Each structure stands twice: as structure tokens, then as C-alpha cells.
Amino acid sequence: MTHKAFFLLHRDLPREGPGERGDVSWAAEVAGLRPDAAICDAACGPGADIPALLFAAPHARVVGFDLHAPFVDDAAARFESDPRVTVMQGRLVADAADDLPDPAALGPFDFLWCAGAAYFVGLRAALRAWAPALAPGGHVAFSEAVWLTDDPAPEAQAFWAGYAAMTDADGIAGRVAEAGWETVATRVLSDAAWEGYFGPMERRIAALRPGADAELAAVLDEAAEEARIWRTHRRDFGYLLSVVRPA
Ligand SMILES: C[S@@+](CC[C@H](N)C(=O)[O-])C[C@H]1O[C@@H](n2cnc3c(N)ncnc32)[C@H](O)[C@@H]1O
């Protein structure tokens, strides 16, 4: 898959993973977020969750970052007139390959929100790197794919086979503990949260189908298959949202 075909499908989509406004407000309440909190949206993609973060903390300072420039451009354009929001290129965890900032360099934050992205660097590595990014009393909220049953359908298992770290809610809590953090509360994302991701993406797929070359068609097929697998097996896997803090 080329970046060009990928971003043809993904550019300007409202969000890049499952999630809904209620997830942010729930996590903010669990974390006891103050109205003037310092907040990080780590791997913010197009910035879908920033309005909900600002709703939860109207006088906040929000720093959103993402590794991929097209998402940074989308999010920056979305919030260019809001002085509370800064969007930049950054990394979940600093990498010697470049000097992009990570949360520890951008903080301290009272609340670090990371929707559907910690797996890129591994949950334990992310949490270890984020401990110095938090202000005293701060919390991290992250969502991560999990099995919801001990006996997932073979097709669902095949779909997730490339993600060796896939586990269940207990497995996530175990990794949180191994990183030296504690889980405060969890909840499973709703079907509406998934539709908020797949709905706009499927409309974009339909719009791009006519005239798509082979490369774009392959990207569209892969995205359509992702949605089909979720609709067929949504009771077998989901996203777990966890609010955690250093132990
Ligand atoms: C599933 S998307 C979620 C985006 C956004 N949080 C949302 O819910 O719409 C994962 C995001 O992680 C970003 N990403 C992947 N690896 C990253 C890294 N090492 N540092 C920062 N962002 C990264 C991707 O560019 C993408 O925007």
C-alpha cells in the first residue's frame, strides 16, 4: 500500500479509529479533569477528539500531535482559530531517528488521551515513556483492541493474526501493572463509536470506487474488509478504553 492511496481514502475523514464524544467525557470525569487542565491528544490523527476534550475542560490547553504530516495538517487547519489548541508533528515515544517531540518533551500534562494508537509502540513502552509527561495527579486514557470472548470466531482470529499483542481486558490490566501503573476504570467502546469511524470511511470508499486504479482498489478493498469483519464479529472483539495512573 502506498501512502498516496492510503491518504486518498483517509484524508479529511472525521476520525481514524473508533470513538465517540461520550468516551472522552467519561474518561475526563474518571480522571477528575479540571476546566483548565493541560491536555495531550497523543496520535491525534485528524483531531476528532479535541472538541470533546475542550468540552470536558473548556479552559484547557490542548496539545495534539501525530507522526503523519497529512493528519497534522488536517488537525491544525481544524483548530487554527482556537488559541487553546496547538497541533504539531510528534512521536508517541521519542526515536533517535529524528528530533520529533514526544509527550515527555511537551508536558507536563494533567491528562494524556491516546485513542487507538498506543499499540504502535507497545502499551508497556508507551506507559513507561509517558510517566515523566504527567503532572502530579495526572492520568492517561487509552483505547486498545481486545478480545471480548475466550472463543473468537476463526475469521476474527485470522483478521487479528498480525497483531501478536492482542489480548483481553485482564491482559491489558496486566500490562498496565507491569509498566508500574494502575487501572482506575475501564469501559468497552459502543457500536456507535465504531460506526463513527466506519460510516464516513464507507461513504468515502463508495465515492472513490468508480475509476479507482488497481493500487487504490486494493486500499479500498482492505478498508471495506475491516468494516465487514467488525460488523460480522463485533461481539468477539472491541476496543477497551482504560483510565490509568502511575501506581
Ligand atoms: C487508529 S489512528 C487513531 C487516530 C486518532 N486518535 C483517532 O481516534 O481518530 C492511529 C494514529 O496513530 C498515528 N501514529 C502511528 N504511530 C505513531 C507514532 N509513533 N507517533 C505518533 N503518532 C503515531 C497515526 O498516524 C494515526 O493517526
# chains A, B, ... in the order shown; residues from 1 in each chain; ligands from 1
>>> select_by_dssp(residues="stretch 63-178 of chain A", states="alpha helix (DSSP H)", output="MDAnalysis selection string")
chainID A and resid 69:78 103:106 123:130 154:159 169:178
>>> write_last_selection(atoms="C-alpha atoms", output="short mmCIF file (atom, residue, chain, number, x, y, z; two decimals), in the first residue's frame")
data_model
loop_
_atom_site.label_atom_id
_atom_site.label_comp_id
_atom_site.auth_asym_id
_atom_site.auth_seq_id
_atom_site.Cartn_x
_atom_site.Cartn_y
_atom_site.Cartn_z
CA ALA A 69 2.02 15.10 8.37
CA PRO A 70 -1.29 14.87 6.43
CA PHE A 71 -3.15 14.23 9.70
CA VAL A 72 -1.25 17.04 11.40
CA ASP A 73 -2.24 19.37 8.54
CA ASP A 74 -5.91 18.35 8.82
CA ALA A 75 -5.99 18.80 12.59
CA ALA A 76 -4.05 22.08 12.50
CA ALA A 77 -6.48 23.51 9.92
CA ARG A 78 -9.44 22.41 12.02
CA PRO A 103 4.79 13.69 25.43
CA ALA A 104 7.67 13.82 27.93
CA ALA A 105 9.19 16.70 25.93
CA LEU A 106 5.84 18.50 25.54
CA LEU A 123 1.43 -0.37 25.63
CA ARG A 124 4.13 -1.05 28.24
CA ALA A 125 6.74 1.00 26.36
CA ALA A 126 4.25 3.84 25.91
CA LEU A 127 3.29 3.97 29.58
CA ARG A 128 6.91 3.82 30.76
CA ALA A 129 7.76 6.72 28.44
CA TRP A 130 4.71 8.73 29.47
CA PRO A 154 -11.75 -18.21 13.34
CA GLU A 155 -12.31 -15.38 10.84
CA ALA A 156 -11.86 -12.79 13.60
CA GLN A 157 -8.72 -14.59 14.81
CA ALA A 158 -7.35 -14.63 11.26
CA PHE A 159 -8.04 -10.90 10.88
CA ALA A 169 -9.28 -6.77 29.38
CA ASP A 170 -7.32 -8.71 32.03
CA GLY A 171 -4.31 -8.79 29.72
CA ILE A 172 -4.44 -5.02 29.29
CA ALA A 173 -4.70 -4.52 33.07
CA GLY A 174 -1.70 -6.84 33.48
CA ARG A 175 0.42 -4.81 31.06
CA VAL A 176 -0.61 -1.60 32.82
CA ALA A 177 0.57 -3.11 36.14
CA GLU A 178 3.83 -4.41 34.61
#
>>> select_by_dssp(residues="stretch 75-134 of chain A", states="strand (DSSP E)", output="VMD selection string")
chain A and resid 85 to 89 109 to 115 134
>>> write_last_selection(atoms="N, CA and C atoms", output="CSV table (one decimal), in the first residue's frame")
chain,number,residue,atom,x,y,z
A,85,VAL,N,-5.6,25.5,21.4
A,85,VAL,CA,-5.2,24.2,20.7
A,85,VAL,C,-3.9,24.4,19.9
A,86,THR,N,-2.9,23.6,20.2
A,86,THR,CA,-1.7,23.5,19.3
A,86,THR,C,-1.6,22.2,18.7
A,87,VAL,N,-1.3,22.1,17.4
A,87,VAL,CA,-1.2,20.8,16.8
A,87,VAL,C,0.2,20.7,16.1
A,88,MET,N,0.9,19.6,16.3
A,88,MET,CA,2.3,19.5,15.7
A,88,MET,C,2.6,18.1,15.4
A,89,GLN,N,3.7,17.9,14.7
A,89,GLN,CA,4.2,16.6,14.4
A,89,GLN,C,4.9,16.1,15.7
A,109,PHE,N,1.5,17.2,31.6
A,109,PHE,CA,0.1,17.2,31.3
A,109,PHE,C,-0.7,16.6,32.5
A,110,ASP,N,-1.9,17.1,32.6
A,110,ASP,CA,-2.8,16.6,33.6
A,110,ASP,C,-3.5,15.3,33.1
A,111,PHE,N,-3.6,15.3,31.7
A,111,PHE,CA,-4.4,14.3,31.1
A,111,PHE,C,-3.8,14.0,29.8
A,112,LEU,N,-3.5,12.7,29.5
A,112,LEU,CA,-3.0,12.3,28.2
A,112,LEU,C,-4.0,11.4,27.6
A,113,TRP,N,-4.5,11.7,26.5
A,113,TRP,CA,-5.6,11.0,25.8
A,113,TRP,C,-4.9,10.3,24.6
A,114,CYS,N,-5.1,9.0,24.4
A,114,CYS,CA,-4.5,8.3,23.3
A,114,CYS,C,-5.4,7.3,22.8
A,115,ALA,N,-6.2,7.7,21.7
A,115,ALA,CA,-7.2,6.8,21.1
A,115,ALA,C,-6.6,5.9,20.0
A,134,LEU,N,3.5,13.3,32.9
A,134,LEU,CA,2.4,13.7,33.6
A,134,LEU,C,2.7,14.6,34.8
>>> residues_around(residues="A:Asp213", least_positions_apart="5", cutoff="10 Å", atoms="only C-alpha atoms", output="PyMOL selection string")
chain A and resi 5+208+218
>>> write_last_selection(atoms="N, CA, C and O atoms", output="PDB file, in the first residue's frame")
ATOM      1  N   ALA A   5      -2.237   6.355  -1.959  1.00  0.00           N
ATOM      2  CA  ALA A   5      -3.556   5.706  -1.994  1.00  0.00           C
ATOM      3  C   ALA A   5      -4.185   5.705  -0.605  1.00  0.00           C
ATOM      4  O   ALA A   5      -5.389   5.950  -0.454  1.00  0.00           O
ATOM      5  N   LEU A 208     -14.947   6.750  -4.024  1.00  0.00           N
ATOM      6  CA  LEU A 208     -13.669   6.565  -4.733  1.00  0.00           C
ATOM      7  C   LEU A 208     -13.665   5.342  -5.648  1.00  0.00           C
ATOM      8  O   LEU A 208     -12.784   5.221  -6.509  1.00  0.00           O
ATOM      9  N   ALA A 218      -7.095  -1.772  -4.140  1.00  0.00           N
ATOM     10  CA  ALA A 218      -6.610  -2.672  -3.086  1.00  0.00           C
ATOM     11  C   ALA A 218      -6.768  -2.015  -1.710  1.00  0.00           C
ATOM     12  O   ALA A 218      -7.148  -2.672  -0.729  1.00  0.00           O
TER      13      ALA A 218
END
>>> residues_near_ligand(ligand="ligand 1", cutoff="7 Å", atoms="only C-alpha atoms and all ligand atoms", output="list in words")
Arg15, Glu16, Gly17, Pro18, Gly19, Ala42, Ala43, Cys44, Gly45, Pro46, Gly47, Ala48, Asp49, Phe65, Asp66, Leu67, His68, Phe71, Gly90, Arg91, Leu92, Val93, Cys114, Ala115, Gly116, Ala117, Phe120 and Val121 of chain A
>>> write_last_selection(atoms="N, CA, C and O atoms", output="compact mmCIF listing (two decimals), in the first residue's frame")
# COMPACT_ATOMS: atom_id res chain seq x y z
N ARG A 15 -12.55 10.89 11.73
CA ARG A 15 -11.71 10.23 12.72
C ARG A 15 -11.04 9.02 12.09
O ARG A 15 -11.44 8.54 11.04
N GLU A 16 -10.01 8.53 12.77
CA GLU A 16 -9.16 7.45 12.22
C GLU A 16 -9.25 6.17 13.03
O GLU A 16 -8.46 5.27 12.83
N GLY A 17 -10.18 6.11 13.95
CA GLY A 17 -10.39 4.91 14.72
C GLY A 17 -11.70 5.06 15.47
O GLY A 17 -12.27 6.16 15.50
N PRO A 18 -12.20 3.97 16.09
CA PRO A 18 -13.46 4.05 16.80
C PRO A 18 -13.39 5.03 17.97
O PRO A 18 -12.35 5.14 18.63
N GLY A 19 -14.51 5.68 18.24
CA GLY A 19 -14.57 6.58 19.38
C GLY A 19 -15.77 7.49 19.26
O GLY A 19 -16.28 7.70 18.16
N ALA A 42 -2.45 12.43 22.17
CA ALA A 42 -1.28 11.75 21.60
C ALA A 42 -1.71 10.89 20.41
O ALA A 42 -2.59 10.05 20.55
N ALA A 43 -1.09 11.11 19.23
CA ALA A 43 -1.50 10.46 17.99
C ALA A 43 -2.94 10.87 17.68
O ALA A 43 -3.83 10.02 17.54
N CYS A 44 -3.14 12.17 17.56
CA CYS A 44 -4.49 12.74 17.45
C CYS A 44 -5.13 12.49 16.09
O CYS A 44 -6.33 12.73 15.93
N GLY A 45 -4.37 12.00 15.10
CA GLY A 45 -4.94 11.84 13.76
C GLY A 45 -5.49 13.19 13.31
O GLY A 45 -4.85 14.23 13.50
N PRO A 46 -6.71 13.20 12.74
CA PRO A 46 -7.27 14.48 12.28
C PRO A 46 -7.86 15.33 13.40
O PRO A 46 -8.48 16.35 13.14
N GLY A 47 -7.68 14.90 14.64
CA GLY A 47 -8.09 15.74 15.78
C GLY A 47 -9.54 15.53 16.20
O GLY A 47 -10.14 16.40 16.82
N ALA A 48 -10.09 14.35 15.92
CA ALA A 48 -11.51 14.09 16.16
C ALA A 48 -11.91 14.30 17.62
O ALA A 48 -13.03 14.72 17.90
N ASP A 49 -11.02 13.98 18.54
CA ASP A 49 -11.40 14.02 19.95
C ASP A 49 -11.10 15.36 20.62
O ASP A 49 -11.46 15.55 21.79
N PHE A 65 -0.72 15.89 18.79
CA PHE A 65 0.37 15.59 17.86
C PHE A 65 0.10 14.27 17.17
O PHE A 65 -0.63 13.41 17.67
N ASP A 66 0.72 14.13 16.01
CA ASP A 66 0.65 12.87 15.26
C ASP A 66 1.93 12.74 14.46
O ASP A 66 2.58 13.74 14.12
N LEU A 67 2.27 11.51 14.14
CA LEU A 67 3.51 11.28 13.38
C LEU A 67 3.34 11.68 11.91
O LEU A 67 4.29 12.16 11.28
N HIS A 68 2.13 11.51 11.38
CA HIS A 68 1.95 11.65 9.93
C HIS A 68 1.46 13.04 9.55
O HIS A 68 0.39 13.49 9.99
N PHE A 71 -2.21 14.11 8.57
CA PHE A 71 -3.15 14.23 9.70
C PHE A 71 -2.87 15.50 10.49
O PHE A 71 -3.78 16.18 10.95
N GLY A 90 4.70 14.89 16.03
CA GLY A 90 5.39 14.36 17.21
C GLY A 90 5.30 12.84 17.23
O GLY A 90 4.66 12.23 16.36
N ARG A 91 5.96 12.27 18.20
CA ARG A 91 6.02 10.80 18.33
C ARG A 91 5.46 10.37 19.67
O ARG A 91 5.67 11.05 20.68
N LEU A 92 4.82 9.21 19.67
CA LEU A 92 4.33 8.63 20.92
C LEU A 92 5.48 8.41 21.89
O LEU A 92 5.36 8.63 23.10
N VAL A 93 6.60 7.94 21.35
CA VAL A 93 7.81 7.72 22.14
C VAL A 93 8.98 8.25 21.31
O VAL A 93 9.06 7.97 20.11
N CYS A 114 -5.07 9.00 24.45
CA CYS A 114 -4.45 8.32 23.30
C CYS A 114 -5.45 7.29 22.76
O CYS A 114 -5.59 6.19 23.32
N ALA A 115 -6.16 7.66 21.69
CA ALA A 115 -7.20 6.79 21.13
C ALA A 115 -6.62 5.92 20.03
O ALA A 115 -6.18 6.41 18.99
N GLY A 116 -6.60 4.62 20.28
CA GLY A 116 -6.27 3.64 19.25
C GLY A 116 -4.88 3.75 18.66
O GLY A 116 -4.69 3.45 17.48
N ALA A 117 -3.89 4.11 19.45
CA ALA A 117 -2.55 4.29 18.87
C ALA A 117 -1.42 3.73 19.72
O ALA A 117 -0.32 3.54 19.20
N PHE A 120 1.05 1.03 18.48
CA PHE A 120 2.13 1.26 17.52
C PHE A 120 3.50 1.14 18.19
O PHE A 120 4.48 0.74 17.54
N VAL A 121 3.58 1.51 19.45
CA VAL A 121 4.87 1.43 20.16
C VAL A 121 4.83 0.37 21.26
O VAL A 121 5.87 0.09 21.87
>>> closest_residue(among="A:Glu226, A:Asp82, A:Asp151, A:Leu53", to="A:Asp23", atoms="only C-alpha atoms")
A:Leu53
>>> atom_distance(atom1="atom CA of A:Val24", atom2="atom CA of A:Pro152")
28.1 Å
>>> residues_around(residues="A:Ile205", least_positions_apart="6", cutoff="10 Å", atoms="only C-alpha atoms", output="CSV table (one decimal) with all heavy atoms, in the first residue's frame")
chain,number,residue,atom,x,y,z
A,8,LEU,N,-5.5,9.1,0.1
A,8,LEU,CA,-6.7,9.4,-0.7
A,8,LEU,C,-7.9,9.0,0.0
A,8,LEU,O,-9.0,9.6,0.0
A,8,LEU,CB,-6.5,8.7,-2.1
A,8,LEU,CG,-7.2,9.4,-3.3
A,8,LEU,CD1,-6.8,10.8,-3.4
A,8,LEU,CD2,-6.7,8.6,-4.5
A,9,LEU,N,-7.8,7.8,0.6
A,9,LEU,CA,-9.0,7.3,1.3
A,9,LEU,C,-9.2,8.0,2.7
A,9,LEU,O,-10.3,8.3,3.0
A,9,LEU,CB,-8.8,5.8,1.6
A,9,LEU,CG,-9.8,5.1,2.5
A,9,LEU,CD1,-11.2,5.2,2.0
A,9,LEU,CD2,-9.5,3.6,2.8
A,10,HIS,N,-8.1,8.2,3.4
A,10,HIS,CA,-8.2,8.7,4.8
A,10,HIS,C,-8.2,10.2,4.9
A,10,HIS,O,-8.7,10.7,6.0
A,10,HIS,CB,-7.1,8.1,5.6
A,10,HIS,CG,-7.3,6.6,5.9
A,10,HIS,ND1,-7.9,6.2,7.0
A,10,HIS,CD2,-7.0,5.6,5.1
A,10,HIS,CE1,-8.0,4.9,6.9
A,10,HIS,NE2,-7.4,4.5,5.8
A,199,GLY,N,-18.6,4.5,9.2
A,199,GLY,CA,-19.6,5.2,8.4
A,199,GLY,C,-19.0,6.1,7.4
A,199,GLY,O,-19.2,6.0,6.2
A,212,ALA,N,-11.2,3.8,-9.7
A,212,ALA,CA,-10.0,3.6,-8.9
A,212,ALA,C,-9.1,2.7,-9.6
A,212,ALA,O,-9.5,1.7,-10.2
A,212,ALA,CB,-10.5,2.9,-7.6
A,216,LEU,N,-5.3,1.8,-5.7
A,216,LEU,CA,-6.3,2.4,-4.8
A,216,LEU,C,-7.4,1.3,-4.5
A,216,LEU,O,-7.9,1.3,-3.4
A,216,LEU,CB,-7.0,3.6,-5.5
A,216,LEU,CG,-8.1,4.3,-4.7
A,216,LEU,CD1,-7.6,4.7,-3.3
A,216,LEU,CD2,-8.6,5.5,-5.5
A,217,ALA,N,-7.8,0.5,-5.5
A,217,ALA,CA,-8.8,-0.5,-5.3
A,217,ALA,C,-8.4,-1.5,-4.2
A,217,ALA,O,-9.2,-1.9,-3.4
A,217,ALA,CB,-9.1,-1.3,-6.6
A,219,VAL,N,-6.5,-0.7,-1.6
A,219,VAL,CA,-6.6,0.0,-0.4
A,219,VAL,C,-8.1,0.0,0.0
A,219,VAL,O,-8.5,-0.2,1.2
A,219,VAL,CB,-6.1,1.4,-0.5
A,219,VAL,CG1,-6.5,2.3,0.7
A,219,VAL,CG2,-4.5,1.4,-0.6
A,220,LEU,N,-9.0,0.3,-0.9
A,220,LEU,CA,-10.4,0.3,-0.7
A,220,LEU,C,-11.0,-1.0,-0.2
A,220,LEU,O,-11.7,-1.1,0.7
A,220,LEU,CB,-11.2,0.8,-1.9
A,220,LEU,CG,-10.8,2.2,-2.5
A,220,LEU,CD1,-11.7,2.6,-3.6
A,220,LEU,CD2,-10.9,3.3,-1.4
A,221,ASP,N,-10.5,-2.1,-0.9
A,221,ASP,CA,-10.9,-3.4,-0.5
A,221,ASP,C,-10.5,-3.8,0.9
A,221,ASP,O,-11.3,-4.3,1.7
A,221,ASP,CB,-10.3,-4.5,-1.4
A,221,ASP,CG,-10.9,-4.4,-2.8
A,221,ASP,OD1,-11.9,-3.8,-3.0
A,221,ASP,OD2,-10.3,-5.1,-3.7
A,223,ALA,N,-9.9,-1.7,3.4
A,223,ALA,CA,-10.7,-0.9,4.4
A,223,ALA,C,-12.1,-1.5,4.5
A,223,ALA,O,-12.7,-1.6,5.6
A,223,ALA,CB,-10.7,0.5,4.0
A,224,ALA,N,-12.7,-1.8,3.3
A,224,ALA,CA,-14.1,-2.4,3.4
A,224,ALA,C,-14.1,-3.7,4.1
A,224,ALA,O,-15.0,-4.0,4.9
A,224,ALA,CB,-14.6,-2.6,1.9
>>> closest_atom_pairs(of="stretch 111-209 of chain A", to="stretch 31-38 of chain A", cutoff="12 Å", atoms="only C-alpha atoms", output="Markdown table")
| residue | atom | partner | partner_atom | distance |
| --- | --- | --- | --- | --- |
| A:Phe111 | CA | A:Ala38 | CA | 6.6 |
| A:Leu112 | CA | A:Ala38 | CA | 8.7 |
| A:Trp113 | CA | A:Ala31 | CA | 10.9 |
| A:Ala133 | CA | A:Ala38 | CA | 10.9 |
| A:Leu134 | CA | A:Ala38 | CA | 9.5 |
| A:Ala135 | CA | A:Ala38 | CA | 8.8 |
| A:Pro136 | CA | A:Ala38 | CA | 11.7 |
| A:Gly137 | CA | A:Ala31 | CA | 8.9 |
| A:Gly138 | CA | A:Ala31 | CA | 7.7 |
| A:His139 | CA | A:Ala31 | CA | 6.1 |
| A:Val140 | CA | A:Ala31 | CA | 8.3 |
| A:Ala141 | CA | A:Ala31 | CA | 8.6 |
| A:Thr183 | CA | A:Ala31 | CA | 11.2 |
| A:Val184 | CA | A:Ala31 | CA | 8.4 |
| A:Ala185 | CA | A:Ala31 | CA | 9.3 |
| A:Thr186 | CA | A:Ala31 | CA | 11.7 |
>>> write_last_selection(atoms="C-alpha atoms", output="PDB file, in the first residue's frame")
ATOM      1  CA  PHE A 111      -4.432  14.263  31.114  1.00  0.00           C
ATOM      2  CA  LEU A 112      -2.956  12.328  28.222  1.00  0.00           C
ATOM      3  CA  TRP A 113      -5.560  10.954  25.808  1.00  0.00           C
ATOM      4  CA  ALA A 133       4.997  13.501  30.901  1.00  0.00           C
ATOM      5  CA  LEU A 134       2.371  13.666  33.649  1.00  0.00           C
ATOM      6  CA  ALA A 135       1.870  16.401  36.222  1.00  0.00           C
ATOM      7  CA  PRO A 136       1.301  15.188  39.809  1.00  0.00           C
ATOM      8  CA  GLY A 137      -2.130  13.531  39.996  1.00  0.00           C
ATOM      9  CA  GLY A 138      -2.282  13.185  36.208  1.00  0.00           C
ATOM     10  CA  HIS A 139      -3.996  10.386  34.287  1.00  0.00           C
ATOM     11  CA  VAL A 140      -3.663   8.652  30.936  1.00  0.00           C
ATOM     12  CA  ALA A 141      -6.677   7.352  28.992  1.00  0.00           C
ATOM     13  CA  THR A 183      -6.027   0.889  36.219  1.00  0.00           C
ATOM     14  CA  VAL A 184      -8.645   3.254  37.630  1.00  0.00           C
ATOM     15  CA  ALA A 185     -11.594   2.282  35.379  1.00  0.00           C
ATOM     16  CA  THR A 186     -12.357   0.715  32.002  1.00  0.00           C
TER      17      THR A 186
END
>>> residues_around(residues="A:Leu240", least_positions_apart="3", cutoff="6 Å", atoms="only C-alpha atoms", output="PyMOL selection string")
chain A and resi 143-144+187-188
>>> write_last_selection(atoms="N, CA and C atoms", output="compact mmCIF listing (two decimals), in the first residue's frame")
# COMPACT_ATOMS: atom_id res chain seq x y z
N SER A 143 -7.24 3.77 24.39
CA SER A 143 -8.09 2.68 23.91
C SER A 143 -7.23 1.71 23.12
N GLU A 144 -7.59 0.45 23.24
CA GLU A 144 -6.78 -0.62 22.66
C GLU A 144 -7.70 -1.78 22.27
N ARG A 187 -13.92 0.83 30.18
CA ARG A 187 -15.20 0.52 29.55
C ARG A 187 -14.96 0.14 28.09
N VAL A 188 -15.89 -0.65 27.56
CA VAL A 188 -15.77 -1.09 26.17
C VAL A 188 -16.48 -0.07 25.28
>>> atom_distance(atom1="atom CA of A:Arg245", atom2="atom CA of A:Tyr163")
25.4 Å
>>> atom_distance(atom1="atom CA of A:Arg209", atom2="atom CA of A:Ala192")
25.1 Å
>>> decode(residues="stretch 188-221 of chain A", atoms="C-alpha atoms", output="short mmCIF file (atom, residue, chain, number, x, y, z; two decimals), in the first residue's frame")
data_model
loop_
_atom_site.label_atom_id
_atom_site.label_comp_id
_atom_site.auth_asym_id
_atom_site.auth_seq_id
_atom_site.Cartn_x
_atom_site.Cartn_y
_atom_site.Cartn_z
CA VAL A 188 -15.77 -1.09 26.17
CA LEU A 189 -16.45 1.27 23.26
CA SER A 190 -20.00 1.17 21.90
CA ASP A 191 -21.17 0.12 18.45
CA ALA A 192 -21.91 3.81 17.77
CA ALA A 193 -18.24 4.57 18.39
CA TRP A 194 -17.26 2.09 15.66
CA GLU A 195 -19.90 3.38 13.26
CA GLY A 196 -18.48 6.87 13.78
CA TYR A 197 -15.28 5.54 12.22
CA PHE A 198 -16.60 3.14 9.60
CA GLY A 199 -19.63 5.17 8.40
CA PRO A 200 -17.69 8.09 6.89
CA MET A 201 -14.99 5.72 5.64
CA GLU A 202 -17.52 3.57 3.79
CA ARG A 203 -19.06 6.63 2.15
CA ARG A 204 -15.57 7.64 1.02
CA ILE A 205 -14.93 4.11 -0.32
CA ALA A 206 -18.14 4.28 -2.36
CA ALA A 207 -17.18 7.69 -3.75
CA LEU A 208 -13.67 6.57 -4.73
CA ARG A 209 -14.63 3.18 -6.25
CA PRO A 210 -15.54 4.40 -9.74
CA GLY A 211 -12.32 4.83 -11.68
CA ALA A 212 -10.04 3.58 -8.87
CA ASP A 213 -6.78 2.14 -10.24
CA ALA A 214 -5.51 -1.23 -9.00
CA GLU A 215 -3.49 0.28 -6.18
CA LEU A 216 -6.35 2.38 -4.84
CA ALA A 217 -8.81 -0.50 -5.33
CA ALA A 218 -6.61 -2.67 -3.09
CA VAL A 219 -6.65 0.00 -0.36
CA LEU A 220 -10.44 0.35 -0.66
CA ASP A 221 -10.89 -3.44 -0.50
#
